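The next block is final.txt, given as compact mmCIF, C-alpha atoms.
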```
# COMPACT_ATOMS: atom_id res chain seq x y z
CA MET A 1 109.69 -176.92 117.15
CA ILE A 2 108.82 -177.37 113.48
CA ALA A 3 110.71 -175.53 110.75
CA GLU A 4 110.56 -175.52 106.98
CA PHE A 5 113.46 -174.40 104.85
CA SER A 6 114.47 -174.17 101.22
CA ILE A 7 117.81 -173.22 99.76
CA VAL A 8 118.16 -171.74 96.27
CA PRO A 9 121.60 -171.53 94.66
CA VAL A 10 121.37 -168.47 92.40
CA GLY A 11 123.19 -168.54 89.09
CA LYS A 12 123.80 -172.29 88.99
CA GLY A 13 121.21 -173.22 86.40
CA VAL A 14 117.55 -174.08 86.64
CA SER A 15 117.82 -177.59 88.10
CA ILE A 16 118.58 -177.53 91.76
CA GLY A 17 117.65 -181.12 92.68
CA ARG A 18 121.33 -181.94 93.15
CA TYR A 19 121.62 -179.33 95.91
CA VAL A 20 118.43 -180.49 97.58
CA ALA A 21 119.82 -184.03 97.57
CA GLU A 22 123.01 -182.83 99.33
CA CYS A 23 120.82 -181.24 102.00
CA MET A 24 118.71 -184.37 102.38
CA LYS A 25 121.86 -186.34 103.24
CA ILE A 26 122.66 -183.83 105.99
CA VAL A 27 119.06 -183.93 107.21
CA ARG A 28 119.06 -187.74 107.37
CA ASP A 29 122.37 -187.72 109.25
CA SER A 30 120.89 -185.28 111.78
CA GLY A 31 118.46 -187.93 112.97
CA LEU A 32 115.70 -185.30 113.13
CA ASP A 33 112.13 -186.07 112.10
CA HIS A 34 111.74 -184.69 108.58
CA GLU A 35 109.57 -184.49 105.50
CA LEU A 36 110.48 -183.42 101.98
CA THR A 37 107.69 -181.50 100.21
CA PRO A 38 107.57 -180.10 96.66
CA MET A 39 108.47 -176.68 98.13
CA GLY A 40 110.91 -177.36 100.95
CA THR A 41 112.11 -179.58 103.74
CA ILE A 42 110.33 -179.74 107.09
CA LEU A 43 112.23 -180.59 110.26
CA GLN A 44 110.99 -181.23 113.78
CA GLY A 45 113.04 -181.19 116.96
CA ASP A 46 114.83 -179.04 119.48
CA HIS A 47 115.47 -175.43 118.35
CA ASP A 48 119.25 -175.62 118.44
CA ARG A 49 119.48 -178.95 116.62
CA VAL A 50 117.03 -177.83 113.94
CA MET A 51 118.85 -174.54 113.35
CA ALA A 52 122.26 -176.23 113.34
CA THR A 53 121.05 -178.68 110.68
CA ILE A 54 119.68 -175.87 108.50
CA SER A 55 122.97 -173.95 108.88
CA LEU A 56 124.92 -177.05 107.82
CA CYS A 57 122.74 -177.38 104.71
CA HIS A 58 123.07 -173.66 103.92
CA LYS A 59 126.87 -173.79 104.25
CA ARG A 60 127.08 -176.94 102.12
CA VAL A 61 125.14 -175.33 99.25
CA ALA A 62 127.02 -172.02 99.71
CA SER A 63 130.28 -173.94 99.26
CA MET A 64 128.98 -175.14 95.87
CA SER A 65 127.67 -171.79 94.59
CA ASP A 66 128.52 -168.07 94.50
CA ARG A 67 125.17 -166.94 95.87
CA VAL A 68 122.57 -168.71 97.93
CA VAL A 69 119.13 -167.56 99.05
CA THR A 70 117.69 -169.52 101.97
CA TYR A 71 114.19 -169.31 103.40
CA ILE A 72 113.27 -170.57 106.83
CA LYS A 73 109.89 -170.57 108.54
CA ILE A 74 109.66 -171.68 112.16
CA ASP A 75 106.48 -172.64 114.00
CA ASP A 76 107.29 -172.98 117.70
CA ARG A 77 104.48 -173.80 120.10
CA ARG A 78 104.66 -174.83 123.69
CA ASP A 79 102.13 -177.64 123.35
CA GLU A 80 103.85 -179.11 120.36
CA ARG A 81 102.41 -182.12 118.60
CA PRO A 82 103.99 -184.43 116.01
CA MET A 83 104.00 -182.66 112.65
CA ARG A 84 101.61 -185.06 110.97
CA LYS A 85 99.03 -184.23 113.63
CA LYS A 86 98.83 -180.69 112.25
CA VAL A 87 97.52 -181.99 108.94
CA GLU A 88 95.14 -184.48 110.61
CA SER A 89 93.73 -181.77 112.88
CA VAL A 90 92.75 -179.68 109.84
CA MET A 91 91.31 -182.65 107.99
CA GLU A 92 89.04 -183.46 110.93
CA LYS A 93 87.57 -179.96 110.72
CA LEU A 94 86.55 -180.37 107.07
CA MET B 1 125.86 -162.54 104.81
CA ILE B 2 122.64 -160.54 104.94
CA ALA B 3 119.50 -161.90 106.59
CA GLU B 4 116.04 -160.53 107.27
CA PHE B 5 113.81 -161.92 109.97
CA SER B 6 110.47 -161.25 111.57
CA ILE B 7 108.93 -162.90 114.61
CA VAL B 8 105.18 -163.08 115.17
CA PRO B 9 103.80 -164.09 118.57
CA VAL B 10 100.49 -165.79 117.78
CA GLY B 11 97.59 -165.29 120.14
CA LYS B 12 99.09 -162.35 122.04
CA GLY B 13 96.95 -159.59 120.53
CA VAL B 14 97.29 -157.48 117.44
CA SER B 15 100.05 -155.14 118.62
CA ILE B 16 103.43 -156.77 118.52
CA GLY B 17 105.66 -153.69 118.72
CA ARG B 18 106.62 -154.66 122.27
CA TYR B 19 108.12 -157.94 121.05
CA VAL B 20 109.91 -156.25 118.18
CA ALA B 21 111.43 -153.81 120.68
CA GLU B 22 112.72 -156.74 122.79
CA CYS B 23 114.39 -158.13 119.68
CA MET B 24 115.89 -154.75 118.78
CA LYS B 25 117.64 -154.67 122.15
CA ILE B 26 119.19 -158.07 121.42
CA VAL B 27 120.14 -156.95 117.91
CA ARG B 28 121.86 -153.80 119.22
CA ASP B 29 123.73 -155.81 121.83
CA SER B 30 124.97 -158.14 119.08
CA GLY B 31 126.99 -155.33 117.55
CA LEU B 32 125.91 -156.50 114.07
CA ASP B 33 125.07 -154.03 111.31
CA HIS B 34 121.27 -153.83 111.21
CA GLU B 35 118.26 -152.04 109.80
CA LEU B 36 114.66 -152.07 111.01
CA THR B 37 112.11 -151.97 108.16
CA PRO B 38 108.29 -151.85 108.31
CA MET B 39 108.33 -155.63 107.66
CA GLY B 40 111.32 -157.01 109.51
CA THR B 41 114.83 -156.61 110.79
CA ILE B 42 117.83 -156.91 108.50
CA LEU B 43 121.19 -158.06 109.86
CA GLN B 44 124.58 -158.25 108.21
CA GLY B 45 127.59 -160.22 109.40
CA ASP B 46 129.12 -163.64 109.75
CA HIS B 47 126.67 -166.56 109.30
CA ASP B 48 127.05 -167.99 112.79
CA ARG B 49 126.74 -164.63 114.56
CA VAL B 50 123.70 -163.64 112.50
CA MET B 51 121.93 -166.95 113.12
CA ALA B 52 122.82 -166.89 116.84
CA THR B 53 121.30 -163.41 117.15
CA ILE B 54 118.09 -164.46 115.39
CA SER B 55 117.86 -167.55 117.63
CA LEU B 56 118.25 -165.36 120.73
CA CYS B 57 115.41 -163.12 119.51
CA HIS B 58 113.23 -166.11 118.70
CA LYS B 59 113.79 -167.66 122.13
CA ARG B 60 113.12 -164.34 123.85
CA VAL B 61 109.75 -163.91 122.13
CA ALA B 62 108.95 -167.63 122.60
CA SER B 63 109.51 -167.16 126.35
CA MET B 64 106.81 -164.45 126.31
CA SER B 65 104.23 -166.29 124.20
CA ASP B 66 102.67 -169.75 123.68
CA ARG B 67 103.26 -169.82 119.95
CA VAL B 68 105.73 -168.00 117.76
CA VAL B 69 106.07 -167.96 114.00
CA THR B 70 109.46 -166.76 112.74
CA TYR B 71 110.50 -166.03 109.16
CA ILE B 72 114.08 -165.78 108.04
CA LYS B 73 115.43 -165.01 104.60
CA ILE B 74 119.18 -165.23 103.99
CA ASP B 75 121.07 -163.78 101.04
CA ASP B 76 124.62 -165.11 101.11
CA ARG B 77 126.99 -164.13 98.33
CA ARG B 78 130.73 -164.59 98.08
CA ASP B 79 131.39 -161.04 96.82
CA GLU B 80 129.32 -159.45 99.56
CA ARG B 81 128.86 -155.70 99.66
CA PRO B 82 127.51 -153.49 102.45
CA MET B 83 123.71 -153.83 102.58
CA ARG B 84 123.03 -150.25 101.57
CA LYS B 85 124.98 -150.84 98.35
CA LYS B 86 122.27 -153.27 97.24
CA VAL B 87 119.70 -150.48 97.20
CA GLU B 88 122.10 -148.00 95.55
CA SER B 89 123.01 -150.50 92.83
CA VAL B 90 119.32 -150.83 91.85
CA MET B 91 118.75 -147.08 91.97
CA GLU B 92 121.63 -146.50 89.54
CA LYS B 93 119.96 -148.80 87.03
CA LEU B 94 116.71 -146.78 87.00
CA MET C 1 97.74 -153.65 103.68
CA ILE C 2 101.53 -153.82 103.68
CA ALA C 3 103.42 -156.46 101.70
CA GLU C 4 107.06 -157.22 101.07
CA PHE C 5 108.24 -159.20 98.11
CA SER C 6 111.43 -160.34 96.47
CA ILE C 7 111.90 -162.10 93.16
CA VAL C 8 114.91 -164.30 92.42
CA PRO C 9 115.62 -165.39 88.84
CA VAL C 10 117.33 -168.78 89.21
CA GLY C 11 120.12 -169.68 86.81
CA LYS C 12 120.67 -166.18 85.44
CA GLY C 13 123.90 -165.36 87.21
CA VAL C 14 124.66 -163.91 90.60
CA SER C 15 123.80 -160.27 89.91
CA ILE C 16 120.07 -159.69 89.94
CA GLY C 17 119.98 -155.88 90.27
CA ARG C 18 118.81 -155.61 86.66
CA TYR C 19 115.68 -157.61 87.49
CA VAL C 20 115.02 -155.64 90.64
CA ALA C 21 115.28 -152.43 88.59
CA GLU C 22 112.65 -153.76 86.14
CA CYS C 23 110.34 -154.40 89.09
CA MET C 24 110.99 -150.95 90.56
CA LYS C 25 109.74 -149.39 87.31
CA ILE C 26 106.51 -151.38 87.61
CA VAL C 27 106.20 -150.44 91.28
CA ARG C 28 106.65 -146.73 90.53
CA ASP C 29 104.07 -146.90 87.73
CA SER C 30 101.61 -148.49 90.17
CA GLY C 31 101.44 -145.29 92.19
CA LEU C 32 101.54 -147.36 95.41
CA ASP C 33 103.52 -146.23 98.46
CA HIS C 34 106.74 -148.23 98.41
CA GLU C 35 110.17 -148.70 99.92
CA LEU C 36 113.17 -150.60 98.57
CA THR C 37 115.20 -152.38 101.26
CA PRO C 38 118.41 -154.44 100.98
CA MET C 39 116.23 -157.57 101.08
CA GLY C 40 113.06 -156.74 99.16
CA THR C 41 110.45 -154.22 98.12
CA ILE C 42 107.70 -153.10 100.47
CA LEU C 43 104.33 -151.92 99.11
CA GLN C 44 101.38 -150.39 100.88
CA GLY C 45 97.84 -150.10 99.56
CA ASP C 46 94.65 -151.96 98.77
CA HIS C 47 95.01 -155.79 98.68
CA ASP C 48 94.04 -156.21 95.03
CA ARG C 49 96.27 -153.41 93.76
CA VAL C 50 99.25 -154.62 95.81
CA MET C 51 98.83 -158.23 94.62
CA ALA C 52 98.32 -157.13 91.00
CA THR C 53 101.56 -155.12 91.14
CA ILE C 54 103.52 -158.05 92.58
CA SER C 55 102.06 -160.36 89.90
CA LEU C 56 103.13 -157.91 87.18
CA CYS C 57 106.67 -157.89 88.58
CA HIS C 58 106.74 -161.68 88.86
CA LYS C 59 105.55 -162.11 85.26
CA ARG C 60 108.06 -159.55 83.99
CA VAL C 61 111.00 -161.36 85.61
CA ALA C 62 109.57 -164.76 84.57
CA SER C 63 109.54 -163.53 80.95
CA MET C 64 113.29 -162.85 81.27
CA SER C 65 114.28 -166.13 82.97
CA ASP C 66 113.57 -169.89 82.89
CA ARG C 67 112.88 -170.16 86.59
CA VAL C 68 111.79 -167.60 89.13
CA VAL C 69 111.34 -167.93 92.89
CA THR C 70 109.19 -165.21 94.46
CA TYR C 71 108.60 -164.55 98.16
CA ILE C 72 105.73 -162.47 99.46
CA LYS C 73 104.90 -161.58 103.05
CA ILE C 74 101.66 -159.74 103.78
CA ASP C 75 100.80 -157.91 106.99
CA ASP C 76 97.14 -156.96 106.89
CA ARG C 77 95.63 -155.23 109.90
CA ARG C 78 92.29 -153.53 110.23
CA ASP C 79 93.68 -150.46 112.00
CA GLU C 80 96.40 -149.94 109.45
CA ARG C 81 98.92 -147.15 109.90
CA PRO C 82 101.40 -145.72 107.40
CA MET C 83 104.35 -148.11 107.06
CA ARG C 84 106.90 -145.75 108.53
CA LYS C 85 104.80 -145.60 111.72
CA LYS C 86 105.60 -149.26 112.33
CA VAL C 87 109.28 -148.45 112.66
CA GLU C 88 108.65 -145.33 114.76
CA SER C 89 106.37 -147.26 117.12
CA VAL C 90 109.17 -149.75 117.87
CA MET C 91 111.76 -147.01 118.29
CA GLU C 92 109.59 -145.27 120.89
CA LYS C 93 109.58 -148.49 122.96
CA LEU C 94 113.38 -148.65 123.12
CA MET D 1 103.44 -172.68 88.63
CA ILE D 2 103.73 -174.06 92.15
CA ALA D 3 103.11 -171.91 95.20
CA GLU D 4 103.05 -172.53 98.93
CA PHE D 5 101.21 -170.30 101.33
CA SER D 6 100.36 -170.06 104.99
CA ILE D 7 98.07 -167.61 106.73
CA VAL D 8 98.46 -166.71 110.41
CA PRO D 9 95.67 -164.83 112.20
CA VAL D 10 97.50 -162.79 114.87
CA GLY D 11 95.81 -162.28 118.21
CA LYS D 12 93.18 -164.99 117.80
CA GLY D 13 94.68 -167.60 120.09
CA VAL D 14 97.21 -170.33 119.55
CA SER D 15 95.04 -172.82 117.63
CA ILE D 16 94.62 -171.82 114.04
CA GLY D 17 93.41 -175.11 112.57
CA ARG D 18 89.91 -173.61 112.16
CA TYR D 19 91.29 -170.94 109.82
CA VAL D 20 93.35 -173.45 107.86
CA ALA D 21 90.19 -175.55 107.42
CA GLU D 22 88.34 -172.50 105.99
CA CYS D 23 91.14 -172.07 103.49
CA MET D 24 91.14 -175.75 102.56
CA LYS D 25 87.46 -175.42 101.58
CA ILE D 26 88.36 -172.54 99.26
CA VAL D 27 91.32 -174.49 97.86
CA ARG D 28 89.16 -177.55 97.14
CA ASP D 29 86.54 -175.38 95.45
CA SER D 30 89.26 -173.88 93.24
CA GLY D 31 89.80 -177.23 91.55
CA LEU D 32 93.57 -176.65 91.66
CA ASP D 33 96.02 -179.46 92.41
CA HIS D 34 96.97 -179.06 96.07
CA GLU D 35 98.72 -180.59 99.05
CA LEU D 36 98.43 -179.72 102.73
CA THR D 37 101.73 -179.99 104.63
CA PRO D 38 102.48 -179.44 108.35
CA MET D 39 103.71 -175.93 107.43
CA GLY D 40 101.45 -174.70 104.65
CA THR D 41 99.34 -175.41 101.62
CA ILE D 42 100.87 -176.06 98.20
CA LEU D 43 98.96 -175.22 95.03
CA GLN D 44 99.78 -175.93 91.41
CA GLY D 45 98.25 -174.29 88.36
CA ASP D 46 98.10 -171.15 86.25
CA HIS D 47 99.60 -168.02 87.94
CA ASP D 48 96.39 -166.01 87.98
CA ARG D 49 94.22 -168.84 89.31
CA VAL D 50 96.75 -169.73 92.02
CA MET D 51 97.10 -166.10 93.14
CA ALA D 52 93.32 -165.55 93.07
CA THR D 53 92.81 -168.60 95.29
CA ILE D 54 95.43 -167.42 97.79
CA SER D 55 93.84 -163.95 97.84
CA LEU D 56 90.42 -165.49 98.53
CA CYS D 57 91.88 -167.44 101.47
CA HIS D 58 93.67 -164.37 102.80
CA LYS D 59 90.50 -162.26 102.62
CA ARG D 60 88.45 -165.00 104.28
CA VAL D 61 90.83 -165.23 107.27
CA ALA D 62 91.17 -161.40 107.37
CA SER D 63 87.38 -161.17 107.69
CA MET D 64 87.60 -163.37 110.82
CA SER D 65 90.54 -161.60 112.49
CA ASP D 66 91.96 -158.11 113.16
CA ARG D 67 95.40 -158.89 111.84
CA VAL D 68 96.62 -161.50 109.41
CA VAL D 69 100.17 -162.35 108.31
CA THR D 70 100.36 -164.33 105.07
CA TYR D 71 103.44 -165.95 103.54
CA ILE D 72 103.63 -166.99 99.91
CA LYS D 73 106.49 -168.66 98.07
CA ILE D 74 106.22 -169.17 94.32
CA ASP D 75 108.37 -171.49 92.21
CA ASP D 76 107.67 -170.76 88.55
CA ARG D 77 109.65 -172.66 85.95
CA ARG D 78 109.08 -172.88 82.24
CA ASP D 79 109.53 -176.65 82.03
CA GLU D 80 107.15 -177.31 84.88
CA ARG D 81 106.58 -180.83 86.11
CA PRO D 82 103.85 -182.18 88.40
CA MET D 83 104.67 -181.22 91.99
CA ARG D 84 105.20 -184.77 93.19
CA LYS D 85 107.92 -185.17 90.55
CA LYS D 86 110.03 -182.61 92.44
CA VAL D 87 110.21 -184.88 95.45
CA GLU D 88 110.81 -188.02 93.33
CA SER D 89 113.62 -186.30 91.44
CA VAL D 90 115.47 -185.59 94.69
CA MET D 91 114.88 -189.09 96.02
CA GLU D 92 116.43 -190.61 92.89
CA LYS D 93 119.63 -188.63 93.54
CA LEU D 94 120.08 -190.07 97.04
```

Transcribe the structure of this file into structure tokens.
Amino acid sequence: MIAEFSIVPVGKGVSIGRYVAECMKIVRDSGLDHELTPMGTILQGDHDRVMATISLCHKRVASMSDRVVTYIKIDDRRDERPMRKKVESVMEKL
Amino acid sequence: MIAEFSIVPVGKGVSIGRYVAECMKIVRDSGLDHELTPMGTILQGDHDRVMATISLCHKRVASMSDRVVTYIKIDDRRDERPMRKKVESVMEKL
Amino acid sequence: MIAEFSIVPVGKGVSIGRYVAECMKIVRDSGLDHELTPMGTILQGDHDRVMATISLCHKRVASMSDRVVTYIKIDDRRDERPMRKKVESVMEKL
Amino acid sequence: MIAEFSIVPVGKGVSIGRYVAECMKIVRDSGLDHELTPMGTILQGDHDRVMATISLCHKRVASMSDRVVTYIKIDDRRDERPMRKKVESVMEKL
């Protein structure tokens, strides 16, 4: 399963890199395949492990802020391929 | 915590009401406060219970389809109010 | 076409009802069918008019804040039905 | 302004790389800065040009399918930096 998430602490100022960095530590500790993009963090792995990691990140940022908005998008396909393959497969069609 | 989610089975035809109905059964069984909108399902409750319910729905639809795309948006604030209050509070400002 | 959107001003404090109210005024002026939910605003109408209305709302909130995060989800089907029908159609299946 | 979008044709089978490739052609023609990730396409540029490009992609996929679900996330900050800087800024904090 591949999932992308982003966590926005509301009311904590415009720079949120510090919160993203806290999440990246949790993501690295999870051992899951991951990729940081300019708009979010992408994880790949088993559903429960991916969701548990996102929940840990959400709770960490929520503990540092009075309001947190989190967005998660999951792409779950039976014949899953490594996440970089998804980009390559599009490039080949161009 | 309030969260909205929607689950789209890809490649299973245009009508997905059947899958939404499966999820609504799971949501009702959860006992969580909920609301079905034209664009998703809104849940309110403890983080872990809300996420567990969404995961159950996701897995249910994934078991009926070869590919599932799920979107989740969480709004988590310390001074949480009942979800209908959020709409009322905006209406009062108009 | 049906679309849901939500606009979060980042760094402007935890209460964002004031910004949602500004958007609701723009939405009402648009004349589009709409519904305010605890998690966003749903619009129904022609693609260009819906997107123009969301852009107006985004620009209005962006003019009041240094950073704005906006989420939009579009559900566009050829055999479109009124948005309340989507909820009814699920309820009938339960 | 930076925006990420993804377009899912519903009911057209599990492989959607062909539709993503159609969108990538439109994105390249737009001349906007862009990046394809395993979960979406990221664009950077002026609000109106970014939104017009996403609308073109949405309409293109909608013309090939009976139902299309499109997700857009916008991050609009006054002191905008190139999108790769967002990733670098997090990495420096680790």

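Between atom CA of Tyr19 of chain C and atom CA of Ser55 of chain A the interatomic distance comes to 27.9 Å.
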
Segment 65-76 of chain C surroundings by all atoms listed in the file, 7 Å radius, close-in-sequence under 4 positions cut, as an NGL selection string: (:A and (14)) or (:C and (1-10 or 12 or 61)) or (:D and (67-78))

Surrounding residues of segment 89-92 of chain A excluding itself and chain neighbours under 3 positions, 8 Å, only C-alpha atoms, as a PyMOL selection string: (chain A and resi 85-86) or (chain D and resi 17-18+20-21)

Residue nearest chain A among B:Met83, B:Leu94, B:Leu36, B:Met64 (counting only C-alpha atoms):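 For chain A, the nearest of the candidates is B:Met64.
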
Which residue of D:Pro82, D:Gly31, D:Pro38, D:Gly13 approaches chain A most closely, using all atoms listed in the file: D:Pro38

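Atom pair atom CA of Glu88 of chain A / atom CA of Gly40 of chain A has a distance of 19.8 Å (rounded to one decimal).
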
Spatial sel., origin (116.9, -158.0, 122.3), limit 10 Å, all atoms listed in the file, listed as a PyMOL selection string: chain B and resi 19-30+53-54+56-58+60-61

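Straight-line separation from atom CA of Thr41 of chain B to atom CA of Val50 of chain A: 21.6 Å.
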